[in-house]
$ cat protein.cif   # mmCIF, C-alpha atoms and all ligand atoms
data_work
loop_
_atom_site.group_PDB
_atom_site.id
_atom_site.type_symbol
_atom_site.label_atom_id
_atom_site.label_comp_id
_atom_site.auth_asym_id
_atom_site.auth_seq_id
_atom_site.Cartn_x
_atom_site.Cartn_y
_atom_site.Cartn_z
ATOM 1 C CA MET A 1 -41.194 8.507 -103.308
ATOM 2 C CA GLY A 2 -37.926 6.948 -104.412
ATOM 3 C CA SER A 3 -37.561 3.231 -104.707
ATOM 4 C CA LEU A 4 -35.045 3.092 -101.851
ATOM 5 C CA LEU A 5 -37.736 3.026 -99.184
ATOM 6 C CA ASP A 6 -39.470 0.213 -101.053
ATOM 7 C CA ASP A 7 -36.351 -1.911 -100.781
ATOM 8 C CA LEU A 8 -37.978 -4.010 -98.086
ATOM 9 C CA GLU A 9 -35.235 -6.602 -97.757
ATOM 10 C CA SER A 10 -32.935 -4.070 -96.119
ATOM 11 C CA LEU A 11 -35.565 -3.069 -93.556
ATOM 12 C CA VAL A 12 -35.070 -5.507 -90.743
ATOM 13 C CA ASP A 13 -31.548 -4.426 -89.860
ATOM 14 C CA ALA A 14 -31.866 -0.728 -90.745
ATOM 15 C CA PRO A 15 -31.523 1.716 -87.824
ATOM 16 C CA SER A 16 -34.793 2.817 -86.272
ATOM 17 C CA SER A 17 -35.193 6.148 -84.514
ATOM 18 C CA PHE A 18 -37.784 4.538 -82.259
ATOM 19 C CA SER A 19 -34.868 3.030 -80.331
ATOM 20 C CA ALA A 20 -32.403 5.949 -80.676
ATOM 21 C CA LYS A 21 -31.321 7.468 -77.411
ATOM 22 C CA GLY A 22 -31.545 11.242 -77.140
ATOM 23 C CA GLY A 23 -28.455 13.003 -78.428
ATOM 24 C CA GLU A 24 -26.877 10.065 -80.250
ATOM 25 C CA ARG A 25 -27.734 11.049 -83.824
ATOM 26 C CA GLY A 26 -28.597 14.701 -83.394
ATOM 27 C CA THR A 27 -26.775 17.782 -84.651
ATOM 28 C CA ILE A 28 -27.427 19.858 -81.527
ATOM 29 C CA LYS A 29 -25.995 18.831 -78.171
ATOM 30 C CA PRO A 30 -26.528 20.499 -74.801
ATOM 31 C CA LYS A 31 -23.949 23.260 -74.248
ATOM 32 C CA ALA A 32 -21.400 22.639 -71.522
ATOM 33 C CA ASN A 33 -21.033 25.316 -68.793
ATOM 34 C CA PHE A 34 -24.510 26.493 -69.633
ATOM 35 C CA ASP A 35 -25.799 29.655 -67.934
ATOM 36 C CA ALA A 36 -29.407 30.536 -68.789
ATOM 37 C CA GLU A 37 -29.280 34.009 -67.280
ATOM 38 C CA GLN A 38 -26.096 34.910 -69.110
ATOM 39 C CA ASP A 39 -27.606 33.761 -72.410
ATOM 40 C CA ALA A 40 -30.833 35.655 -71.711
ATOM 41 C CA ALA A 41 -28.842 38.829 -71.007
ATOM 42 C CA ALA A 42 -26.839 38.398 -74.245
ATOM 43 C CA LEU A 43 -30.094 37.912 -76.177
ATOM 44 C CA LYS A 44 -31.655 40.965 -74.587
ATOM 45 C CA LYS A 45 -28.610 43.033 -75.552
ATOM 46 C CA ALA A 46 -28.648 41.664 -79.118
ATOM 47 C CA ILE A 47 -32.369 42.304 -79.551
ATOM 48 C CA ASP A 48 -32.596 45.668 -77.800
ATOM 49 C CA GLY A 49 -29.517 47.151 -79.445
ATOM 50 C CA PHE A 50 -29.562 49.481 -82.431
ATOM 51 C CA GLY A 51 -30.990 46.968 -84.940
ATOM 52 C CA THR A 52 -31.134 43.373 -83.820
ATOM 53 C CA ASN A 53 -27.869 41.485 -83.898
ATOM 54 C CA GLU A 54 -29.224 38.399 -85.652
ATOM 55 C CA LYS A 55 -25.898 36.649 -85.676
ATOM 56 C CA ILE A 56 -25.788 36.468 -81.879
ATOM 57 C CA VAL A 57 -29.444 35.447 -81.626
ATOM 58 C CA ILE A 58 -28.954 32.630 -84.142
ATOM 59 C CA GLU A 59 -25.703 31.533 -82.536
ATOM 60 C CA ILE A 60 -27.308 31.240 -79.108
ATOM 61 C CA LEU A 61 -30.587 29.660 -80.152
ATOM 62 C CA THR A 62 -29.038 27.020 -82.409
ATOM 63 C CA THR A 63 -26.262 25.849 -80.103
ATOM 64 C CA ARG A 64 -28.331 25.083 -77.020
ATOM 65 C CA SER A 65 -30.482 22.004 -76.447
ATOM 66 C CA SER A 66 -34.252 22.299 -76.338
ATOM 67 C CA ALA A 67 -34.239 21.958 -72.522
ATOM 68 C CA GLN A 68 -31.639 24.740 -72.339
ATOM 69 C CA ARG A 69 -33.684 26.927 -74.696
ATOM 70 C CA GLN A 70 -36.688 26.547 -72.365
ATOM 71 C CA LEU A 71 -34.536 27.756 -69.468
ATOM 72 C CA ILE A 72 -33.241 30.711 -71.518
ATOM 73 C CA CYS A 73 -36.832 31.518 -72.433
ATOM 74 C CA LYS A 74 -37.828 31.548 -68.755
ATOM 75 C CA ALA A 75 -34.840 33.705 -67.793
ATOM 76 C CA TYR A 76 -35.529 36.041 -70.725
ATOM 77 C CA GLU A 77 -39.192 36.364 -69.769
ATOM 78 C CA LYS A 78 -38.186 37.098 -66.192
ATOM 79 C CA ALA A 79 -35.729 39.777 -67.309
ATOM 80 C CA THR A 80 -37.886 41.391 -69.993
ATOM 81 C CA SER A 81 -41.439 40.090 -69.477
ATOM 82 C CA ARG A 82 -41.398 39.029 -73.143
ATOM 83 C CA CYS A 83 -41.032 35.544 -74.579
ATOM 84 C CA VAL A 84 -38.331 34.895 -77.158
ATOM 85 C CA LEU A 85 -39.659 31.625 -78.588
ATOM 86 C CA LEU A 86 -43.209 31.557 -79.885
ATOM 87 C CA GLN A 87 -44.859 28.174 -79.435
ATOM 88 C CA GLY A 88 -46.826 27.229 -82.519
ATOM 89 C CA ALA A 89 -49.684 25.280 -80.941
ATOM 90 C CA GLY A 90 -52.500 24.443 -83.326
ATOM 91 C CA THR A 91 -54.114 21.055 -83.660
ATOM 92 C CA LYS A 92 -53.816 20.725 -87.386
ATOM 93 C CA ASP A 93 -54.102 17.128 -88.483
ATOM 94 C CA LYS A 94 -50.872 17.309 -90.420
ATOM 95 C CA VAL A 95 -48.994 18.013 -87.185
ATOM 96 C CA LEU A 96 -50.929 15.443 -85.160
ATOM 97 C CA ILE A 97 -50.210 12.759 -87.751
ATOM 98 C CA GLU A 98 -46.531 13.667 -87.939
ATOM 99 C CA ILE A 99 -46.135 13.554 -84.160
ATOM 100 C CA PHE A 100 -48.093 10.442 -83.265
ATOM 101 C CA ALA A 101 -46.831 8.351 -86.187
ATOM 102 C CA SER A 102 -43.175 9.050 -85.409
ATOM 103 C CA ARG A 103 -42.800 9.149 -81.626
ATOM 104 C CA SER A 104 -41.800 6.275 -79.331
ATOM 105 C CA ASN A 105 -43.879 5.397 -76.234
ATOM 106 C CA GLN A 106 -41.349 7.192 -74.080
ATOM 107 C CA GLN A 107 -41.515 10.343 -76.213
ATOM 108 C CA ILE A 108 -45.328 10.272 -76.174
ATOM 109 C CA LYS A 109 -45.296 9.868 -72.390
ATOM 110 C CA ALA A 110 -42.978 12.901 -72.053
ATOM 111 C CA LEU A 111 -45.222 14.882 -74.389
ATOM 112 C CA SER A 112 -48.361 13.962 -72.394
ATOM 113 C CA ASP A 113 -46.644 14.950 -69.128
ATOM 114 C CA VAL A 114 -45.661 18.377 -70.476
ATOM 115 C CA TYR A 115 -49.143 18.859 -71.917
ATOM 116 C CA PHE A 116 -50.731 18.026 -68.573
ATOM 117 C CA LYS A 117 -48.343 20.270 -66.655
ATOM 118 C CA GLU A 118 -49.091 23.231 -68.914
ATOM 119 C CA THR A 119 -52.845 22.798 -69.439
ATOM 120 C CA LYS A 120 -53.968 20.596 -66.516
ATOM 121 C CA LYS A 121 -55.743 18.492 -69.147
ATOM 122 C CA GLN A 122 -55.115 14.943 -70.351
ATOM 123 C CA LEU A 123 -53.728 14.928 -73.894
ATOM 124 C CA THR A 124 -55.974 12.041 -74.977
ATOM 125 C CA ALA A 125 -59.084 13.800 -73.639
ATOM 126 C CA ALA A 126 -58.155 16.961 -75.554
ATOM 127 C CA LEU A 127 -57.562 14.930 -78.730
ATOM 128 C CA GLU A 128 -60.913 13.186 -78.380
ATOM 129 C CA ARG A 129 -62.633 16.529 -78.732
ATOM 130 C CA GLU A 130 -60.630 17.460 -81.854
ATOM 131 C CA VAL A 131 -60.957 14.369 -84.031
ATOM 132 C CA SER A 132 -63.566 11.781 -84.946
ATOM 133 C CA GLY A 133 -64.271 8.490 -86.718
ATOM 134 C CA ASP A 134 -61.785 5.696 -87.461
ATOM 135 C CA TYR A 135 -59.059 8.330 -87.684
ATOM 136 C CA SER A 136 -59.785 9.260 -84.076
ATOM 137 C CA LYS A 137 -59.603 5.599 -82.968
ATOM 138 C CA ALA A 138 -56.186 5.198 -84.575
ATOM 139 C CA LEU A 139 -54.826 8.505 -83.293
ATOM 140 C CA LEU A 140 -55.993 7.839 -79.734
ATOM 141 C CA LEU A 141 -54.420 4.374 -79.723
ATOM 142 C CA LEU A 142 -51.108 5.962 -80.738
ATOM 143 C CA ALA A 143 -51.520 8.796 -78.206
ATOM 144 C CA LEU A 144 -51.864 6.288 -75.359
ATOM 145 C CA GLY A 145 -48.201 5.432 -75.974
ATOM 146 C CA LYS A 146 -48.757 1.721 -75.403
ATOM 147 C CA ARG A 147 -47.278 0.207 -78.550
ATOM 148 C CA ASP A 148 -45.797 -3.241 -77.894
ATOM 149 C CA GLU A 149 -42.069 -2.737 -77.256
ATOM 150 C CA SER A 150 -40.822 -6.312 -77.519
ATOM 151 C CA THR A 151 -37.818 -6.648 -79.813
ATOM 152 C CA THR A 152 -38.120 -10.275 -80.888
ATOM 153 C CA VAL A 153 -39.847 -11.099 -84.166
ATOM 154 C CA ASP A 154 -41.931 -14.224 -84.755
ATOM 155 C CA VAL A 155 -42.005 -14.579 -88.543
ATOM 156 C CA ASN A 156 -45.119 -16.771 -88.418
ATOM 157 C CA LYS A 157 -47.048 -14.185 -86.413
ATOM 158 C CA ALA A 158 -45.927 -11.441 -88.802
ATOM 159 C CA ARG A 159 -47.170 -13.566 -91.714
ATOM 160 C CA GLU A 160 -50.480 -14.091 -89.880
ATOM 161 C CA ASP A 161 -50.940 -10.326 -89.425
ATOM 162 C CA ALA A 162 -50.008 -9.717 -93.071
ATOM 163 C CA LYS A 163 -52.695 -12.244 -94.064
ATOM 164 C CA THR A 164 -55.235 -10.552 -91.753
ATOM 165 C CA LEU A 165 -54.482 -7.184 -93.387
ATOM 166 C CA TYR A 166 -54.746 -8.688 -96.856
ATOM 167 C CA ASN A 167 -58.141 -10.255 -96.018
ATOM 168 C CA ALA A 168 -59.375 -7.005 -94.441
ATOM 169 C CA GLY A 169 -58.435 -4.916 -97.479
ATOM 170 C CA GLU A 170 -57.392 -6.227 -100.889
ATOM 171 C CA LYS A 171 -59.341 -9.476 -100.533
ATOM 172 C CA LYS A 172 -62.517 -7.858 -99.239
ATOM 173 C CA TRP A 173 -65.330 -5.903 -100.890
ATOM 174 C CA GLY A 174 -64.928 -2.644 -98.961
ATOM 175 C CA THR A 175 -62.431 -2.457 -96.106
ATOM 176 C CA ASP A 176 -62.320 -3.557 -92.467
ATOM 177 C CA GLU A 177 -60.399 -0.512 -91.181
ATOM 178 C CA SER A 178 -60.395 -1.764 -87.591
ATOM 179 C CA LYS A 179 -57.966 -4.591 -88.451
ATOM 180 C CA PHE A 180 -55.494 -2.110 -89.967
ATOM 181 C CA ILE A 181 -55.818 0.175 -86.941
ATOM 182 C CA GLU A 182 -55.383 -2.621 -84.376
ATOM 183 C CA ILE A 183 -52.279 -4.038 -86.017
ATOM 184 C CA LEU A 184 -50.549 -0.825 -87.126
ATOM 185 C CA CYS A 185 -51.138 1.129 -83.908
ATOM 186 C CA LYS A 186 -50.439 -1.617 -81.353
ATOM 187 C CA LYS A 187 -47.856 -4.095 -82.653
ATOM 188 C CA SER A 188 -44.120 -3.618 -82.165
ATOM 189 C CA ILE A 189 -41.990 -1.829 -84.769
ATOM 190 C CA PRO A 190 -39.726 -4.891 -85.447
ATOM 191 C CA HIS A 191 -42.852 -7.072 -85.852
ATOM 192 C CA LEU A 192 -44.396 -4.546 -88.246
ATOM 193 C CA ARG A 193 -41.184 -4.368 -90.289
ATOM 194 C CA GLN A 194 -41.442 -8.107 -90.840
ATOM 195 C CA THR A 195 -45.195 -7.797 -91.502
ATOM 196 C CA VAL A 196 -44.531 -5.232 -94.250
ATOM 197 C CA ILE A 197 -42.182 -7.730 -95.952
ATOM 198 C CA GLU A 198 -44.637 -10.640 -95.571
ATOM 199 C CA TYR A 199 -47.462 -8.458 -96.876
ATOM 200 C CA LYS A 200 -45.662 -7.773 -100.140
ATOM 201 C CA ASN A 201 -45.109 -11.508 -100.592
ATOM 202 C CA ILE A 202 -48.788 -12.304 -100.054
ATOM 203 C CA SER A 203 -50.392 -9.375 -101.856
ATOM 204 C CA GLY A 204 -47.901 -8.411 -104.553
ATOM 205 C CA LYS A 205 -48.609 -4.816 -103.570
ATOM 206 C CA THR A 206 -46.844 -2.965 -100.768
ATOM 207 C CA LEU A 207 -48.855 -2.334 -97.611
ATOM 208 C CA GLN A 208 -48.641 1.397 -98.306
ATOM 209 C CA GLN A 209 -50.144 0.919 -101.770
ATOM 210 C CA SER A 210 -53.011 -1.131 -100.318
ATOM 211 C CA ILE A 211 -53.770 1.482 -97.638
ATOM 212 C CA GLU A 212 -53.726 4.203 -100.301
ATOM 213 C CA GLY A 213 -56.169 2.189 -102.419
ATOM 214 C CA GLU A 214 -58.484 1.148 -99.587
ATOM 215 C CA MET A 215 -58.732 4.294 -97.463
ATOM 216 C CA SER A 216 -58.957 8.040 -97.802
ATOM 217 C CA GLY A 217 -58.565 11.317 -95.897
ATOM 218 C CA ASP A 218 -56.891 11.618 -92.510
ATOM 219 C CA LEU A 219 -57.095 7.883 -91.729
ATOM 220 C CA GLU A 220 -55.207 7.094 -94.938
ATOM 221 C CA ASN A 221 -52.659 9.838 -94.182
ATOM 222 C CA LEU A 222 -52.125 8.607 -90.625
ATOM 223 C CA LEU A 223 -51.726 4.904 -91.475
ATOM 224 C CA VAL A 224 -49.436 5.670 -94.424
ATOM 225 C CA ALA A 225 -47.318 7.793 -92.057
ATOM 226 C CA VAL A 226 -47.162 4.894 -89.584
ATOM 227 C CA VAL A 227 -46.025 2.497 -92.333
ATOM 228 C CA LYS A 228 -43.369 4.984 -93.479
ATOM 229 C CA CYS A 229 -42.121 5.353 -89.893
ATOM 230 C CA VAL A 230 -42.077 1.573 -89.447
ATOM 231 C CA LYS A 231 -39.750 1.419 -92.450
ATOM 232 C CA SER A 232 -37.604 4.445 -91.508
ATOM 233 C CA VAL A 233 -38.331 7.420 -89.286
ATOM 234 C CA PRO A 234 -35.395 9.406 -90.763
ATOM 235 C CA GLY A 235 -36.646 8.540 -94.273
ATOM 236 C CA TYR A 236 -40.126 9.771 -93.325
ATOM 237 C CA PHE A 237 -38.767 13.104 -92.117
ATOM 238 C CA ALA A 238 -36.446 13.452 -95.122
ATOM 239 C CA GLU A 239 -39.530 13.116 -97.334
ATOM 240 C CA LEU A 240 -41.485 15.715 -95.320
ATOM 241 C CA LEU A 241 -38.541 18.137 -95.461
ATOM 242 C CA HIS A 242 -38.281 17.651 -99.218
ATOM 243 C CA GLU A 243 -42.011 18.330 -99.597
ATOM 244 C CA SER A 244 -41.816 21.443 -97.401
ATOM 245 C CA MET A 245 -39.276 22.977 -99.820
ATOM 246 C CA LYS A 246 -40.254 21.640 -103.240
ATOM 247 C CA GLY A 247 -41.964 23.841 -105.802
ATOM 248 C CA ALA A 248 -42.552 27.557 -105.351
ATOM 249 C CA GLY A 249 -42.519 28.826 -101.783
ATOM 250 C CA THR A 250 -41.710 27.032 -98.543
ATOM 251 C CA ASP A 251 -43.856 25.437 -95.839
ATOM 252 C CA GLU A 252 -41.846 27.231 -93.184
ATOM 253 C CA SER A 253 -43.699 25.918 -90.146
ATOM 254 C CA THR A 254 -43.170 22.285 -91.198
ATOM 255 C CA LEU A 255 -39.531 22.885 -92.120
ATOM 256 C CA THR A 256 -38.721 24.632 -88.847
ATOM 257 C CA ARG A 257 -40.729 22.220 -86.694
ATOM 258 C CA ILE A 258 -38.954 19.182 -88.099
ATOM 259 C CA MET A 259 -35.463 20.713 -88.013
ATOM 260 C CA VAL A 260 -35.864 21.864 -84.400
ATOM 261 C CA SER A 261 -37.676 18.792 -83.088
ATOM 262 C CA ARG A 262 -35.248 16.284 -84.661
ATOM 263 C CA SER A 263 -32.058 18.298 -84.075
ATOM 264 C CA GLU A 264 -31.290 16.425 -80.876
ATOM 265 C CA ILE A 265 -32.605 13.033 -81.985
ATOM 266 C CA ASP A 266 -31.739 11.885 -85.503
ATOM 267 C CA LEU A 267 -31.046 14.836 -87.808
ATOM 268 C CA LEU A 268 -27.751 13.222 -88.931
ATOM 269 C CA ASP A 269 -29.700 10.153 -90.118
ATOM 270 C CA ILE A 270 -32.333 12.373 -91.749
ATOM 271 C CA ARG A 271 -29.541 14.184 -93.635
ATOM 272 C CA ALA A 272 -28.144 10.853 -94.844
ATOM 273 C CA GLU A 273 -31.586 9.629 -95.989
ATOM 274 C CA PHE A 274 -32.258 12.959 -97.720
ATOM 275 C CA LYS A 275 -29.044 12.639 -99.739
ATOM 276 C CA LYS A 276 -29.846 9.017 -100.652
ATOM 277 C CA LEU A 277 -33.426 9.813 -101.722
ATOM 278 C CA TYR A 278 -32.928 13.064 -103.602
ATOM 279 C CA GLY A 279 -29.298 13.010 -104.731
ATOM 280 C CA HIS A 280 -28.369 16.325 -103.113
ATOM 281 C CA SER A 281 -27.734 17.304 -99.509
ATOM 282 C CA LEU A 282 -30.302 18.762 -97.119
ATOM 283 C CA LEU A 283 -27.999 21.747 -96.605
ATOM 284 C CA SER A 284 -27.908 22.513 -100.342
ATOM 285 C CA ALA A 285 -31.723 22.278 -100.467
ATOM 286 C CA ILE A 286 -32.015 24.721 -97.553
ATOM 287 C CA LYS A 287 -29.517 27.108 -99.174
ATOM 288 C CA SER A 288 -31.409 27.209 -102.464
ATOM 289 C CA ASP A 289 -34.846 27.522 -100.848
ATOM 290 C CA LEU A 290 -34.404 29.975 -97.977
ATOM 291 C CA SER A 291 -32.738 33.335 -97.631
ATOM 292 C CA GLY A 292 -31.608 35.844 -95.027
ATOM 293 C CA ASP A 293 -31.617 35.221 -91.289
ATOM 294 C CA GLN A 294 -34.043 32.349 -91.523
ATOM 295 C CA CYS A 295 -31.650 30.576 -93.889
ATOM 296 C CA GLU A 296 -28.733 31.187 -91.492
ATOM 297 C CA CYS A 297 -30.757 29.822 -88.583
ATOM 298 C CA VAL A 298 -31.932 26.634 -90.344
ATOM 299 C CA LYS A 299 -28.420 26.082 -91.797
ATOM 300 C CA ALA A 300 -26.969 26.303 -88.287
ATOM 301 C CA ILE A 301 -29.447 23.697 -87.017
ATOM 302 C CA CYS A 302 -28.669 21.446 -90.004
ATOM 303 C CA GLY A 303 -25.113 21.455 -88.753
ATOM 304 C CA GLY A 304 -23.180 20.582 -91.927
ATOM 305 C CA ASP A 305 -23.119 19.353 -95.519
ATOM 306 C CA ASP A 306 -23.228 15.774 -96.803
HETATM 307 CA CA CA B 401 -61.134 -3.816 -100.430
#
$ encode --input "protein.cif" --output "structure tokens"
Amino acid sequence: MGSLLDDLESLVDAPSSFSAKGGERGTIKPKANFDAEQDAAALKKAIDGFGTNEKIVIEILTTRSSAQRQLICKAYEKATSRCVLLQGAGTKDKVLIEIFASRSNQQIKALSDVYFKETKKQLTAALEREVSGDYSKALLLLALGKRDESTTVDVNKAREDAKTLYNAGEKKWGTDESKFIEILCKKSIPHLRQTVIEYKNISGKTLQQSIEGEMSGDLENLLVAVVKCVKSVPGYFAELLHESMKGAGTDESTLTRIMVSRSEIDLLDIRAEFKKLYGHSLLSAIKSDLSGDQCECVKAICGGDD
């Protein structure tokens, strides 16, 4: 990871997606004069015609908001008894970590509501059956969506928590994981930003480095993701996008999931962080990594060059 995200001094005033309102920093906005049935009919025509007209499909699916796409999907299903968007479910830990480390309380609440509406099951109860150990404790705390939301920072309290983390990890033979979980999964984002700065002063190492040294497996991955999101949610996603495309091949499900899920939230900020971290634009990375219709679709969601 580049040194930019380790520039802790700039943290406190940097924008945080945890407080971004929907639509403000996205590339996709809801379409005005939206008509779900009209779009569904156009899609049906494009798909059923002699060879699929990808251009129309891409144009429609990348210029409507997620809520509008759901409505198109319903209208399309009604008209054709087929579904146009396939929901990649799966409870892979990579996805769980990405979601619960990066979402605000409000976003987690919305997610839980949708989950309950569709499955008639509580999200936390379903998670409890999927995961175990300290990792499970941390994930369930995050999935409750009860992170402290106060915006004021008490520097002394942040220093106290930094000291607690230092004593529970670097200073201790073994590790007291529960202290890390309690602080990182419950305290407010502004408080944790200050704690990250205080931690470096006390320990000499960054908090991320200490977690990487003290823990392993999914717990390590989850808490490192939380620390990255505390510093910068757009930076965290820029890094994941970079990883999904680097080397031979592409992690298409990660790439698509992030592009679609952030397109109405903070994709403009993610693009800016990507350029800062890697020296080239997200669009140029997409162009050199993907091809064909998939490339056109992801490029359209990206929304422009930087
Ligand atoms: Ca230790």
$ atom_distance --input "protein.cif" --atom1 "CA of Ile265 (chain A)" --atom2 "CA of Gln68 (chain A)"
15.2 Å
$ residues_near_ligand --input "protein.cif" --ligand "ligand CA 401 (chain B)" --cutoff "9 Å" --atoms "all atoms listed in the file" --output "number ranges by chain"
A: 166-176, 210, 213-215
$ closest_residue --input "protein.cif" --among "A:Leu165, A:Leu290, A:Leu139, A:Gly279" --to "Lys94 (chain A)" --atoms "only C-alpha atoms"
A:Leu139
$ atom_distance --input "protein.cif" --atom1 "CA of Asp218 (chain A)" --atom2 "CA of Glu128 (chain A)"
14.8 Å
$ residues_around --input "protein.cif" --residues "Pro234 (chain A)" --least-positions-apart "5" --cutoff "7 Å" --atoms "all atoms listed in the file" --output "list in words"
Asp266, Asp269, Ile270 and Glu273 of chain A
$ write_last_selection --input "protein.cif" --atoms "C-alpha atoms" --output "tab-separated table (two decimals), keeping the file's coordinate frame"
chain	number	residue	atom	x	y	z
A	266	ASP	CA	-31.74	11.88	-85.50
A	269	ASP	CA	-29.70	10.15	-90.12
A	270	ILE	CA	-32.33	12.37	-91.75
A	273	GLU	CA	-31.59	9.63	-95.99
$ atom_distance --input "protein.cif" --atom1 "CA of Leu267 (chain A)" --atom2 "CA of Ile301 (chain A)"
9.0 Å
$ closest_residue --input "protein.cif" --among "A:Arg64, A:Lys31, A:His242, A:Arg257" --to "Phe274 (chain A)" --atoms "all atoms listed in the file"
A:His242
$ closest_residue --input "protein.cif" --among "A:Ile286, A:Ala143, A:Met245, A:Leu43" --to "Glu98 (chain A)" --atoms "all atoms listed in the file"
A:Ala143
$ resolve_selection --input "protein.cif" --expression "the PyMOL selection byres (((chain A and resi 229) around 10) and not hetatm)" --output "MDAnalysis selection string"
chainID A and resid 16:18 98 101:103 189 193 223:228 230:237
$ closest_residue --input "protein.cif" --among "A:Val114, A:Lys74, A:Leu61, A:Asn221" --to "Gln209 (chain A)" --atoms "all atoms listed in the file"
A:Asn221
$ resolve_selection --input "protein.cif" --expression "the PyMOL selection byres (((chain A and resi 155) around 12) and not hetatm)" --output "PDB file with C-alpha atoms, keeping the file's coordinate frame"
ATOM      1  CA  VAL A  12     -35.070  -5.507 -90.743  1.00  0.00           C
ATOM      2  CA  THR A 152     -38.120 -10.275 -80.888  1.00  0.00           C
ATOM      3  CA  VAL A 153     -39.847 -11.099 -84.166  1.00  0.00           C
ATOM      4  CA  ASP A 154     -41.931 -14.224 -84.755  1.00  0.00           C
ATOM      5  CA  ASN A 156     -45.119 -16.771 -88.418  1.00  0.00           C
ATOM      6  CA  LYS A 157     -47.048 -14.185 -86.413  1.00  0.00           C
ATOM      7  CA  ALA A 158     -45.927 -11.441 -88.802  1.00  0.00           C
ATOM      8  CA  ARG A 159     -47.170 -13.566 -91.714  1.00  0.00           C
ATOM      9  CA  GLU A 160     -50.480 -14.091 -89.880  1.00  0.00           C
ATOM     10  CA  ASP A 161     -50.940 -10.326 -89.425  1.00  0.00           C
ATOM     11  CA  ALA A 162     -50.008  -9.717 -93.071  1.00  0.00           C
ATOM     12  CA  PRO A 190     -39.726  -4.891 -85.447  1.00  0.00           C
ATOM     13  CA  HIS A 191     -42.852  -7.072 -85.852  1.00  0.00           C
ATOM     14  CA  LEU A 192     -44.396  -4.546 -88.246  1.00  0.00           C
ATOM     15  CA  ARG A 193     -41.184  -4.368 -90.289  1.00  0.00           C
ATOM     16  CA  GLN A 194     -41.442  -8.107 -90.840  1.00  0.00           C
ATOM     17  CA  THR A 195     -45.195  -7.797 -91.502  1.00  0.00           C
ATOM     18  CA  VAL A 196     -44.531  -5.232 -94.250  1.00  0.00           C
ATOM     19  CA  ILE A 197     -42.182  -7.730 -95.952  1.00  0.00           C
ATOM     20  CA  GLU A 198     -44.637 -10.640 -95.571  1.00  0.00           C
ATOM     21  CA  TYR A 199     -47.462  -8.458 -96.876  1.00  0.00           C
TER      22      TYR A 199
END
$ residues_around --input "protein.cif" --residues "Glu264 (chain A)" --least-positions-apart "2" --cutoff "12 Å" --atoms "all atoms listed in the file" --output "ChimeraX atom specification"
/A:17,20-30,62-68,258-262,266-270,301-303
$ closest_residue --input "protein.cif" --among "A:Asp134, A:Glu252, A:Glu212, A:Asp293" --to "Lys179 (chain A)" --atoms "all atoms listed in the file"
A:Asp134
$ residues_near_point --input "protein.cif" --point "(-47.7, 20.6, -92.9)" --cutoff "8 Å" --atoms "all atoms listed in the file" --output "list of chain:residue names"
A:Lys94, A:Val95, A:Ser244, A:Asp251, A:Ser253, A:Thr254
$ write_last_selection --input "protein.cif" --atoms "C-alpha atoms" --output "compact mmCIF listing (two decimals), in the frame of the given file"
# COMPACT_ATOMS: atom_id res chain seq x y z
CA LYS A 94 -50.87 17.31 -90.42
CA VAL A 95 -48.99 18.01 -87.18
CA SER A 244 -41.82 21.44 -97.40
CA ASP A 251 -43.86 25.44 -95.84
CA SER A 253 -43.70 25.92 -90.15
CA THR A 254 -43.17 22.28 -91.20
$ build_atoms --input "protein.cif" --residues "region 159-168 of chain A" --atoms "N, CA and C atoms" --output "PDB file, in the frame of the given file"
ATOM      1  N   ARG A 159     -46.479 -13.077 -90.513  1.00  0.00           N
ATOM      2  CA  ARG A 159     -47.170 -13.566 -91.714  1.00  0.00           C
ATOM      3  C   ARG A 159     -48.679 -13.614 -91.472  1.00  0.00           C
ATOM      4  N   GLU A 160     -49.067 -14.051 -90.253  1.00  0.00           N
ATOM      5  CA  GLU A 160     -50.480 -14.091 -89.880  1.00  0.00           C
ATOM      6  C   GLU A 160     -51.107 -12.692 -89.961  1.00  0.00           C
ATOM      7  N   ASP A 161     -50.415 -11.704 -89.398  1.00  0.00           N
ATOM      8  CA  ASP A 161     -50.940 -10.326 -89.425  1.00  0.00           C
ATOM      9  C   ASP A 161     -51.000  -9.792 -90.854  1.00  0.00           C
ATOM     10  N   ALA A 162     -50.004 -10.146 -91.672  1.00  0.00           N
ATOM     11  CA  ALA A 162     -50.008  -9.717 -93.071  1.00  0.00           C
ATOM     12  C   ALA A 162     -51.238 -10.286 -93.775  1.00  0.00           C
ATOM     13  N   LYS A 163     -51.526 -11.562 -93.481  1.00  0.00           N
ATOM     14  CA  LYS A 163     -52.695 -12.244 -94.064  1.00  0.00           C
ATOM     15  C   LYS A 163     -53.993 -11.558 -93.600  1.00  0.00           C
ATOM     16  N   THR A 164     -54.050 -11.241 -92.307  1.00  0.00           N
ATOM     17  CA  THR A 164     -55.235 -10.552 -91.753  1.00  0.00           C
ATOM     18  C   THR A 164     -55.462  -9.226 -92.477  1.00  0.00           C
ATOM     19  N   LEU A 165     -54.373  -8.474 -92.697  1.00  0.00           N
ATOM     20  CA  LEU A 165     -54.482  -7.184 -93.387  1.00  0.00           C
ATOM     21  C   LEU A 165     -54.932  -7.372 -94.831  1.00  0.00           C
ATOM     22  N   TYR A 166     -54.374  -8.411 -95.463  1.00  0.00           N
ATOM     23  CA  TYR A 166     -54.746  -8.688 -96.856  1.00  0.00           C
ATOM     24  C   TYR A 166     -56.233  -9.015 -96.951  1.00  0.00           C
ATOM     25  N   ASN A 167     -56.719  -9.876 -96.017  1.00  0.00           N
ATOM     26  CA  ASN A 167     -58.141 -10.255 -96.018  1.00  0.00           C
ATOM     27  C   ASN A 167     -59.055  -9.088 -95.668  1.00  0.00           C
ATOM     28  N   ALA A 168     -58.544  -8.142 -94.867  1.00  0.00           N
ATOM     29  CA  ALA A 168     -59.375  -7.005 -94.441  1.00  0.00           C
ATOM     30  C   ALA A 168     -59.396  -5.888 -95.478  1.00  0.00           C
TER      31      ALA A 168
END
